[in-house]
file run_33.cif (mmCIF, C-alpha atoms)
data_model
loop_
_atom_site.label_atom_id
_atom_site.label_comp_id
_atom_site.auth_asym_id
_atom_site.auth_seq_id
_atom_site.Cartn_x
_atom_site.Cartn_y
_atom_site.Cartn_z
CA MET A 47 3.33 -7.48 -22.35
CA PRO A 48 6.97 -8.51 -22.28
CA ASN A 49 7.64 -11.95 -20.93
CA THR A 50 9.40 -11.03 -17.75
CA ILE A 51 8.49 -10.90 -14.10
CA GLN A 52 9.13 -7.91 -11.91
CA SER A 53 8.81 -8.44 -8.19
CA VAL A 54 9.33 -6.31 -5.16
CA THR A 55 11.01 -7.68 -2.05
CA HIS A 56 10.23 -6.19 1.34
CA THR A 57 11.87 -7.10 4.65
CA ALA A 58 10.61 -7.10 8.24
CA SER A 59 9.66 -9.38 11.13
CA ILE A 60 6.57 -10.28 13.14
CA ASP A 61 5.67 -12.72 15.82
CA ALA A 62 4.29 -15.88 14.23
CA GLU A 63 1.33 -16.29 13.20
CA ALA A 64 7.88 -26.27 -7.33
CA THR A 65 6.60 -26.14 -10.00
CA PRO A 66 8.25 -25.81 -13.47
CA MET A 67 9.14 -22.23 -14.33
CA ARG A 68 7.04 -20.35 -16.87
CA ARG A 69 7.64 -17.29 -18.95
CA THR A 70 5.15 -14.82 -17.53
CA PRO A 71 4.05 -11.28 -18.32
CA SER A 72 5.52 -8.41 -16.34
CA PRO A 73 3.26 -6.34 -14.07
CA PRO A 74 1.79 -3.22 -15.64
CA THR A 75 3.18 0.17 -14.74
CA ILE A 76 1.34 1.77 -11.84
CA LEU A 77 0.47 5.45 -11.79
CA ASP A 78 -2.05 5.96 -9.18
CA ASP A 79 -3.43 1.69 -4.81
CA GLU A 80 1.63 -6.76 14.47
CA GLU A 81 4.47 -5.90 16.12
CA MET A 82 7.71 -5.95 14.21
CA LEU A 83 10.89 -7.55 15.55
CA ASP A 84 14.37 -7.90 14.08
CA PHE A 85 13.55 -5.26 11.45
CA SER A 86 15.93 -4.59 8.59
CA PRO A 87 14.98 -2.10 5.84
CA SER A 88 14.52 -3.38 2.32
CA ARG A 89 14.91 -2.09 -1.19
CA ILE A 90 11.69 -0.85 -2.70
CA THR A 91 11.19 -0.65 -6.43
CA PRO A 92 8.39 1.84 -7.06
CA THR A 93 5.79 0.40 -9.36
CA PRO A 94 3.63 3.00 -11.06
CA THR A 95 -1.70 2.22 -11.87
CA PRO A 96 -2.35 0.81 -15.26
CA SER A 97 -5.45 1.80 -17.06
CA ALA A 98 -7.72 -1.20 -16.79
CA PRO A 99 -9.68 -2.13 -19.91
CA LYS A 100 -13.21 -0.81 -19.71
CA PRO A 101 -15.50 -2.62 -22.14
CA THR A 102 -18.89 -1.01 -22.26
CA SER A 103 -22.04 -1.78 -24.12
CA ALA A 104 -23.08 0.51 -26.91
CA ASN A 105 -26.29 1.69 -25.25
CA SER A 106 -24.97 2.29 -21.74
CA SER A 107 -24.36 5.80 -20.45
CA PRO A 108 -21.60 6.48 -17.92
CA PRO A 109 -22.80 6.94 -14.33
CA SER A 110 -22.52 10.32 -12.67
CA GLU A 111 -19.75 11.04 -10.17
CA GLU A 112 -22.17 10.66 -7.27
CA GLU A 113 -23.77 7.46 -8.63
CA LEU A 114 -20.37 5.82 -9.11
CA LEU A 115 -19.21 6.80 -5.63
CA ARG A 116 -22.43 5.52 -4.02
CA ALA A 117 -22.09 2.20 -5.86
CA HIS A 118 -18.58 1.66 -4.53
CA LEU A 119 -19.53 2.70 -1.00
CA ALA A 120 -22.34 0.12 -1.08
CA VAL A 121 -19.76 -2.70 -1.14
CA ALA A 122 -17.10 -0.96 0.97
CA GLU A 123 -17.83 -3.00 4.09
CA THR A 124 -17.18 -6.26 2.22
CA ASN A 125 -13.92 -4.97 0.81
CA ARG A 126 -12.72 -3.70 4.19
CA SER A 127 -13.15 -7.18 5.66
CA ILE A 128 -9.84 -8.34 4.15
CA ILE A 129 -7.91 -5.81 6.23
CA LYS A 130 -6.63 -6.83 9.62
CA THR A 131 -8.20 -4.52 12.21
CA THR A 132 -6.15 -3.92 15.09
CA GLY A 133 1.03 20.35 -15.93
CA ALA A 134 3.77 22.02 -14.01
CA ASN A 135 6.97 20.21 -13.27
CA SER A 136 6.32 19.36 -9.64
CA MET A 137 9.61 17.53 -9.24
CA SER A 138 11.65 20.72 -9.04
CA THR A 139 9.38 22.90 -6.88
CA ALA A 140 9.18 23.70 -3.17
CA PRO A 141 12.68 22.68 -2.01
CA GLN A 142 11.49 22.29 1.62
CA PHE A 143 9.60 19.16 0.49
CA THR A 144 11.22 15.77 -0.12
CA PRO A 145 12.04 15.52 -3.85
CA ALA A 146 10.54 12.61 -5.76
CA PRO A 147 13.02 9.72 -6.10
CA PRO A 148 13.95 8.31 -9.52
CA GLY A 149 10.87 6.54 -10.86
CA GLY A 150 8.53 8.46 -8.56
CA PHE A 151 7.17 7.75 -5.11
CA PRO A 152 5.89 4.26 -4.21
CA HIS A 153 2.28 3.49 -5.00
CA ILE A 154 -0.23 3.50 -2.14
CA HIS A 155 -2.58 0.54 -2.54
CA LEU A 156 -6.21 0.88 -1.46
CA ALA A 157 -8.59 -1.82 -0.23
CA HIS A 158 -11.31 -0.70 -2.62
CA ALA A 159 -11.98 2.05 -5.11
CA ALA A 160 -13.90 4.31 -2.72
CA GLN A 161 -11.69 3.79 0.34
CA LEU A 162 -10.82 7.50 0.44
CA PHE A 163 -14.43 8.08 1.57
CA ASP A 164 -14.52 5.32 4.20
CA PHE A 165 -16.32 6.16 7.47
CA GLN A 166 -17.02 9.72 6.33
CA ALA A 167 -20.38 11.15 7.41
CA ALA A 168 -22.93 10.96 4.59
CA LYS A 169 -23.74 14.66 4.85
CA VAL A 170 -20.05 15.51 4.47
CA ILE A 171 -19.71 13.36 1.35
CA THR A 172 -22.77 15.08 -0.10
CA ALA A 173 -21.30 18.49 0.71
CA TRP A 174 -17.93 17.56 -0.82
CA LEU A 175 -19.64 16.39 -4.01
CA LYS A 176 -21.27 19.81 -4.32
CA VAL A 177 -17.96 21.68 -3.97
CA PRO A 178 -16.94 22.77 -7.47
CA HIS A 179 -13.78 21.49 -9.09
CA PRO A 180 -10.81 21.81 -8.95
CA LYS A 181 -10.50 19.97 -5.64
CA ILE A 182 -8.37 17.12 -4.30
CA LEU A 183 -8.50 14.52 -1.55
CA ILE A 184 -5.66 14.34 0.96
CA ARG A 185 -4.59 11.75 3.52
CA VAL A 186 -2.02 12.72 6.13
CA PHE A 187 0.76 10.26 6.92
CA ASP A 188 0.76 8.71 10.40
CA HIS A 189 -2.68 10.15 11.19
CA ASP A 190 -5.17 7.70 12.71
CA GLY A 191 -8.22 9.97 12.58
CA LYS A 192 -8.74 9.82 16.34
CA ASP A 193 -9.50 12.86 18.50
CA PRO A 194 -10.75 14.92 15.53
CA ALA A 195 -11.82 17.85 17.70
CA VAL A 196 -8.19 18.48 18.67
CA LYS A 197 -6.19 17.13 15.75
CA GLY A 198 -8.58 18.22 12.99
CA PRO A 199 -8.07 22.01 13.23
CA ILE A 200 -4.30 21.60 13.61
CA LEU A 201 -3.98 19.43 10.52
CA VAL A 202 -6.32 21.68 8.53
CA GLU A 203 -4.07 24.66 9.21
CA ARG A 204 -0.89 22.73 8.43
CA LEU A 205 -2.36 21.43 5.18
CA ARG A 206 -3.59 24.87 4.16
CA LYS A 207 -0.15 26.33 4.88
CA ALA A 208 1.64 23.54 2.95
CA ILE A 209 -0.63 23.89 -0.09
CA SER A 210 -0.19 27.67 -0.01
CA ILE A 211 3.59 27.22 -0.04
CA ILE A 212 3.38 24.80 -2.98
CA ALA A 213 1.07 27.14 -4.90
CA GLN A 214 3.06 30.29 -4.17
CA THR A 215 6.27 28.62 -5.32
CA ASP A 216 4.74 28.52 -8.77
CA GLN A 217 2.71 31.72 -8.22
CA GLN A 218 -0.55 29.90 -8.87
CA GLU A 219 -2.92 31.25 -6.19
CA ASP A 220 -4.20 34.73 -5.35
CA HIS A 221 -7.03 33.67 -3.00
CA GLU A 222 -7.38 31.71 0.24
CA ILE A 223 -7.00 27.95 -0.05
CA LYS A 224 -9.56 25.99 1.95
CA VAL A 225 -9.38 22.58 3.61
CA SER A 226 -12.33 20.59 4.95
CA PRO A 227 -11.54 18.05 7.71
CA PRO A 228 -12.91 14.50 7.92
CA CYS A 229 -16.09 14.02 9.94
CA PRO A 230 -17.17 10.59 11.21
CA GLU A 231 -20.72 9.33 11.39
CA ALA A 232 -22.07 9.79 14.91
CA THR A 233 -23.20 6.14 15.03
CA ARG A 234 -19.82 4.71 14.03
CA GLU A 235 -17.45 2.91 16.38
CA LYS A 236 -14.63 5.12 17.62
CA THR A 237 -12.16 2.83 15.87
CA ASP A 238 -13.77 3.56 12.47
CA CYS A 239 -12.26 6.95 11.71
CA PRO A 240 -12.31 8.76 8.36
CA LEU A 241 -8.89 9.89 7.18
CA SER A 242 -9.45 12.03 4.10
CA PHE A 243 -9.40 15.82 3.95
CA LEU A 244 -10.76 17.89 1.07
CA ALA A 245 -8.64 20.73 -0.35
CA TYR A 246 -10.54 23.16 -2.54
CA ASN A 247 -10.71 26.77 -3.70
CA ILE A 248 -7.49 26.06 -5.60
CA SER A 249 -6.57 26.70 -9.21
CA GLU A 250 -6.39 24.00 -11.85
CA GLU A 251 -2.63 24.60 -12.05
CA THR A 252 -2.19 24.03 -8.32
CA LYS A 253 -4.28 20.86 -8.48
CA THR A 254 -2.16 19.51 -11.34
CA LEU A 255 1.06 20.47 -9.58
CA ILE A 256 0.08 18.67 -6.39
CA LEU A 257 -1.30 15.55 -8.09
CA ASN A 258 1.74 15.19 -10.36
CA GLN A 259 4.03 14.62 -7.39
CA ARG A 260 1.34 12.93 -5.22
CA ILE A 261 3.49 12.78 -2.05
CA TRP A 262 4.49 15.97 -0.23
CA SER A 263 6.73 15.63 2.80
CA SER A 264 7.97 18.55 4.88
CA THR A 265 9.18 18.70 8.47
CA GLU A 266 5.71 19.93 9.51
CA ILE A 267 3.42 17.58 7.62
CA THR A 268 3.49 14.74 5.09
CA PHE A 269 0.49 13.91 2.93
CA ALA A 270 -0.63 11.99 -0.15
CA ALA A 271 -2.83 13.76 -2.70
CA HIS A 272 -5.52 11.92 -4.68
CA PRO A 273 -7.88 13.05 -7.43
CA PHE A 274 -11.44 13.64 -6.28
CA GLN A 275 -12.88 10.64 -8.04
CA VAL A 276 -13.64 6.98 -7.58
CA ASN A 277 -10.56 5.13 -8.72
CA SER A 278 -10.47 2.04 -10.87
CA PRO A 279 -10.67 -1.17 -8.82
CA PRO A 280 -7.42 -1.81 -6.96
CA LEU A 281 -4.73 -3.89 -8.59
CA LEU A 282 -3.96 -5.63 -5.28
CA LEU A 283 -6.42 -8.49 -4.83
CA PHE A 284 -5.28 -10.44 -1.78
CA CYS A 285 -2.30 -11.75 0.17
CA LEU A 286 -1.16 -15.39 0.45
CA HIS A 287 0.89 -17.20 3.06
CA GLY A 288 1.88 -20.83 3.53
CA PHE A 289 4.49 -21.21 0.79
CA SER A 290 7.97 -22.39 1.77
CA THR A 291 9.68 -20.65 -1.15
CA THR A 292 10.98 -17.14 -1.69
CA ASP A 293 10.58 -17.39 -5.46
CA THR A 294 7.77 -15.22 -6.82
CA ASN A 295 7.77 -17.18 -10.10
CA THR A 296 6.85 -20.37 -8.23
CA VAL A 297 4.00 -18.62 -6.44
CA ARG A 298 2.73 -17.03 -9.65
CA THR A 299 2.73 -20.44 -11.31
CA ALA A 300 0.74 -21.94 -8.42
CA VAL A 301 -1.87 -19.15 -8.62
CA HIS A 302 -1.97 -19.19 -12.42
CA ASP A 303 -2.46 -22.97 -12.51
CA VAL A 304 -5.52 -22.68 -10.26
CA TRP A 305 -7.00 -19.78 -12.23
CA ILE A 306 -6.69 -21.58 -15.59
CA GLU A 307 -8.38 -24.75 -14.35
CA ASP A 308 -11.63 -25.21 -16.26
CA ILE A 309 -13.90 -24.78 -13.25
CA THR A 310 -12.09 -21.66 -12.02
CA SER A 311 -11.85 -20.12 -15.46
CA TRP A 312 -15.56 -20.61 -16.07
CA ASP A 313 -16.42 -19.22 -12.64
CA ILE A 314 -14.38 -16.10 -13.43
CA THR A 315 -16.17 -15.82 -16.77
CA ASP A 316 -19.58 -16.17 -15.12
CA ILE A 317 -18.78 -13.45 -12.59
CA LEU A 318 -17.50 -11.05 -15.25
CA SER A 319 -20.59 -11.69 -17.37
CA GLU A 320 -22.60 -9.96 -14.63
CA SER A 321 -20.79 -6.70 -15.40
CA GLU A 322 -20.98 -4.29 -18.33
CA ILE A 323 -18.84 -6.68 -20.40
CA PRO A 324 -20.84 -8.19 -23.30
CA GLU A 325 -21.54 -11.85 -22.63
CA GLU A 326 -19.87 -12.99 -25.85
CA GLN A 327 -16.64 -11.24 -24.76
CA ALA A 328 -16.61 -12.44 -21.16
CA HIS A 329 -14.51 -15.56 -21.79
CA LEU A 330 -11.73 -13.72 -23.65
CA THR A 331 -11.83 -10.95 -21.05
CA ALA A 332 -11.39 -13.56 -18.29
CA GLN A 333 -8.31 -14.93 -20.06
CA ASP A 334 -6.83 -11.44 -20.32
CA PHE A 335 -7.49 -10.95 -16.61
CA ILE A 336 -5.72 -14.20 -15.76
CA GLN A 337 -2.70 -13.29 -17.87
CA SER A 338 -2.39 -9.91 -16.13
CA LEU A 339 -1.52 -11.70 -12.86
CA TRP A 340 1.69 -10.79 -11.06
CA VAL A 341 3.16 -11.33 -7.57
CA GLU A 342 5.20 -9.34 -5.08
CA ARG A 343 6.89 -10.76 -1.98
CA LEU A 344 6.80 -9.52 1.59
CA ASP A 345 9.55 -10.90 3.81
CA PHE A 346 8.17 -11.51 7.27
CA LYS A 347 10.32 -13.14 9.96
CA VAL A 348 9.57 -14.67 13.31
CA SER A 349 11.95 -14.24 16.22
CA GLY A 350 15.19 -16.01 15.47
CA GLY A 351 15.28 -14.79 11.90
CA ILE A 352 13.12 -17.54 10.38
CA LEU A 353 11.65 -16.28 7.13
CA LEU A 354 7.89 -16.58 6.62
CA PRO A 355 7.25 -14.81 3.33
CA ARG A 356 3.86 -13.56 2.24
CA TYR A 357 2.85 -12.77 -1.31
CA ASN A 358 0.67 -9.97 -2.59
CA ILE A 359 -1.37 -11.02 -5.63
CA PHE A 360 -2.15 -8.43 -8.32
CA ALA A 361 -4.23 -8.40 -11.51
CA VAL A 362 -5.87 -5.76 -13.68
CA SER A 363 -9.64 -5.71 -13.32
CA PRO A 364 -11.49 -5.64 -16.66
CA THR A 365 -14.56 -4.11 -15.00
CA ASN A 366 -15.27 -1.02 -12.92
CA ASN A 367 -18.52 -2.49 -11.58
CA PRO A 368 -17.95 -2.47 -7.80
CA ALA A 369 -20.30 -5.36 -6.97
CA VAL A 370 -18.83 -7.62 -9.66
CA TRP A 371 -15.24 -6.77 -8.74
CA THR A 372 -15.97 -7.43 -5.06
CA LYS A 373 -17.53 -10.80 -5.93
CA LEU A 374 -14.55 -11.73 -8.13
CA ARG A 375 -12.02 -10.84 -5.45
CA ALA A 376 -13.96 -12.71 -2.75
CA TYR A 377 -14.12 -15.81 -4.93
CA LEU A 378 -10.41 -15.81 -5.78
CA LEU A 379 -9.21 -15.26 -2.21
CA SER A 380 -11.39 -18.15 -1.02
CA LEU A 381 -9.42 -20.65 -3.11
CA LYS A 382 -6.40 -22.71 -2.06
CA TYR A 383 -3.24 -22.46 -4.14
CA PRO A 384 -1.12 -25.64 -3.89
CA SER A 385 2.31 -25.91 -5.47
CA GLU A 386 4.06 -29.16 -6.32
CA LEU A 387 6.98 -28.90 -3.89
CA GLU A 388 6.67 -25.61 -1.97
CA GLY A 389 3.53 -25.99 0.13
CA SER A 390 0.09 -24.51 -0.35
CA GLY A 391 -0.95 -20.87 -0.22
CA SER A 392 -4.08 -19.52 1.42
CA SER A 393 -5.30 -15.98 1.91
CA VAL A 394 -4.43 -13.92 4.96
CA ASN A 395 -5.70 -10.50 5.96
CA PHE A 396 -3.68 -7.46 5.01
CA ILE A 397 -1.94 -5.50 7.75
CA PRO A 398 -2.40 -1.86 6.71
CA CYS A 399 0.40 0.64 7.18
CA PRO A 400 -0.46 3.47 9.60
CA LEU A 401 2.26 5.64 8.05
CA CYS A 402 1.21 5.82 4.38
CA HIS A 403 -2.19 4.02 4.77
CA SER A 404 -1.36 1.44 2.08
CA ILE A 405 -2.81 -2.03 2.66
CA ALA A 406 0.12 -3.67 0.88
CA HIS A 407 2.49 -3.78 3.86
CA PRO A 408 2.67 -3.23 7.63
CA ARG A 409 4.42 -0.23 9.19
CA GLY A 410 7.81 -1.90 9.46
CA LEU A 411 7.87 -2.52 5.70
CA CYS A 412 6.77 0.96 4.64
CA PRO A 413 9.11 2.08 1.82
CA PHE A 414 8.69 5.82 2.36
CA PRO A 415 11.09 6.29 5.33
CA ASN A 416 13.85 4.75 3.18
CA ILE A 417 13.54 7.48 0.52
CA PRO A 418 16.53 9.88 0.43
CA LEU A 419 15.86 13.23 2.13
CA TRP A 420 12.61 11.94 3.60
CA ASN A 421 11.07 14.51 5.96
CA GLY A 422 8.09 12.44 7.07
CA PRO A 423 7.45 9.92 9.86
CA LYS A 424 9.82 7.02 10.40
CA HIS A 425 9.34 3.35 11.18
CA ASN A 426 9.87 3.98 14.91
CA LEU A 427 10.64 0.38 15.66
CA THR A 428 12.13 0.06 19.13
CA THR A 429 14.11 -2.89 20.45
CA LYS A 430 12.82 -4.36 23.68
CA PRO A 431 15.46 -4.60 26.43
CA THR A 432 16.70 -8.16 26.81
CA ASN A 433 17.98 -7.69 30.36
CA PRO A 434 15.18 -6.80 32.77
CA ASN A 435 17.73 -5.34 35.19
CA MET A 436 18.60 -2.68 32.60
CA ARG A 437 15.12 -1.20 32.45
CA GLY A 438 14.71 2.31 33.76
CA ARG A 439 18.41 3.07 34.05
CA GLY A 440 19.89 6.18 32.60
CA LYS A 441 19.43 9.92 32.83
CA GLY A 442 16.30 11.19 34.51
CA ARG A 443 15.73 8.26 36.88
CA ARG A 444 14.65 9.44 40.29
CA SER A 445 16.68 8.36 43.28
CA ALA A 446 15.05 7.00 46.38
CA ALA A 447 14.08 9.68 48.92
#
call {"tool": "encode", "arguments": {"input": "run_33.cif", "output": "C-alpha cells"}}
result
Amino acid sequence: MPNTIQSVTHTASIDAEATPMRRTPSPPTILDDEEMLDFSPSRITPTPTPSAPKPTSANSSPPSEEELLRAHLAVAETNRSIIKTTGANSMSTAPQFTPAPPGGFPHIHLAHAAQLFDFQAAKVITAWLKVPHPKILIRVFDHDGKDPAVKGPILVERLRKAISIIAQTDQQEDHEIKVSPPCPEATREKTDCPLSFLAYNISEETKTLILNQRIWSSTEITFAAHPFQVNSPPLLLFCLHGFSTTDTNTVRTAVHDVWIEDITSWDITDILSESEIPEEQAHLTAQDFIQSLWVERLDFKVSGGILLPRYNIFAVSPTNNPAVWTKLRAYLLSLKYPSELEGSGSSVNFIPCPLCHSIAHPRGLCPFPNIPLWNGPKHNLTTKPTNPNMRGRGKGRRSAA
C-alpha cells in the first residue's frame, strides 16, 4: 500500500449528545458496505470493497451458499446491536436514470455480511435460495419496509418496470421479469422490517448490466442492486466520538497505538486463530489486519455551529468466518482510544441512513442527493420556525368563521 491517507469529510448537525504524525497506508479501493440542524452539504469522495485475504486450510472445503448465509444470520443480532434504533457498459445506458458520477457511486456500508437478509421470513429466504441464478437483491431508497401489504405491490411493479426498461435498452430480455417482495416473520416486532426484494427470471447480461452500475435512480424509483450472495465482512468496524481534533491522522494514530500494544495485538491474534487461518499464520495475519486500518471523518455539529466530529474506523478482515469476525469487532469497539493531546475516543452507535440504508452516516450526511442529475430522494431537512407567531401563516390558512 502507498503511504498516504485518504479520508472523507462529511458535514451535518445534530442535537448533542496529538500525537506525532505517522506515515500510514491508504485505504483500499472499495467496490461493493437524530434530527439534523444547521445542515450544510459536504463533498463526498466515493471510495470503491477490497478483496479481503482469505487464508484457508488445505483440507477445508468451501461452505455452500445456504450454509454460509445461515452462519452469518446466526450472528446477525449481535452485529445489528451497534446500530442506533430509532459485462455491458452500464454507464451509458437508460438515459432516464442518473448517470454514474466520475469514480462511481458512493459505497453503501452494511452492518454485517448478511444484512440484506435481515428480518426476512425464514421460508422466504429458503424459497429465494431455491430460485435459480441469475438473480439479484434490491433495496429501494427511502423505503422503511412498513405497511408491506400496501407498499409491497406498488414497489414490486415499479421495480419490474424499471428493470424491464434497463434490459430493453440493451435488448437483453424477451420474457417477463419477476420481483419477489420482502416478507417479515410473523413474530417480529413491527419495527423490524425486511428491506430486500429479489429480482429474478432475468438474463445473465441484464444481471451484469444492473450490478455494474449498482445504483439506479429515476423519477419513479431509486434502488441499489446487490449480488445474491453473502458478502465479505464489512470494512466499517465501528464509530468513535470524544476526540477534540478534526485530523484523521491523529485519530488513526490513536487507534493504531492501541491495536499494536502487546496485549491488544495478542488478543487479536487469539481471536483470529479461532478462524480458518492456520495458527502459525495468525500473528502475521493480525499485523496485516492492523496495518489495513484507515479512518473517515463525519462532521456533526450541535446548535450554534460547534463541531463534534465522529470517526468511522475501517479495516480489511482477514477472515470470512462470521462468528470470529463478530467477536473481533466486538472486542475492538469495547476498547478506549486515548490520544496524547486531543482527548479519548470511545465507540458510539451508528445512525443508519434511511435514504440509502448505509450505516456509515445519518440521513443529513447522505452523499447521494449531492450527485449531479440525481433523480432520487433528497435530504428533506426543514428549518424550524424561530418566531412562534409566524407559524401557520401563508396561503391556505382558514379564516375565522
call {"tool": "resolve_selection", "arguments": {"input": "run_33.cif", "expression": "the PyMOL selection byres ((chain A and resi 110-120) around 7)", "output": "ChimeraX atom specification"}}
result
/A:108-109,121-122,159-160,276,368
call {"tool": "closest_residue", "arguments": {"input": "run_33.cif", "among": "A:Leu330, A:Val370, A:Cys402, A:Ala300", "to": "Leu318 of chain A", "atoms": "all atoms listed in the file"}}
result
A:Val370
call {"tool": "resolve_selection", "arguments": {"input": "run_33.cif", "expression": "the PyMOL selection byres ((chain A and resi 269-271) around 10)", "output": "MDAnalysis selection string"}}
result
chainID A and resid 154 182:189 205 208 242:245 253 256:264 267:268 272:274 401:403 422
call {"tool": "closest_residue", "arguments": {"input": "run_33.cif", "among": "A:Phe143, A:Asn416, A:Thr296, A:Glu322", "to": "Ile211 of chain A", "atoms": "only C-alpha atoms"}}
result
A:Phe143
call {"tool": "resolve_selection", "arguments": {"input": "run_33.cif", "expression": "the PyMOL selection byres ((chain A and resi 288) around 7)", "output": "list in words"}}
result
Leu286, His287, Phe289, Ser290, Gly389, Ser390, Gly391 and Ser392 of chain A
call {"tool": "atom_distance", "arguments": {"input": "run_33.cif", "atom1": "atom CA of Asp334 of chain A", "atom2": "atom CA of Phe360 of chain A"}}
result
13.2 Å
call {"tool": "closest_residue", "arguments": {"input": "run_33.cif", "among": "A:Ala213, A:Leu378, A:Val362, A:Leu411", "to": "Pro398 of chain A", "atoms": "all atoms listed in the file"}}
result
A:Leu411
call {"tool": "closest_residue", "arguments": {"input": "run_33.cif", "among": "A:Lys197, A:Pro413, A:Asp345, A:Val304", "to": "Ser380 of chain A", "atoms": "all atoms listed in the file"}}
result
A:Val304
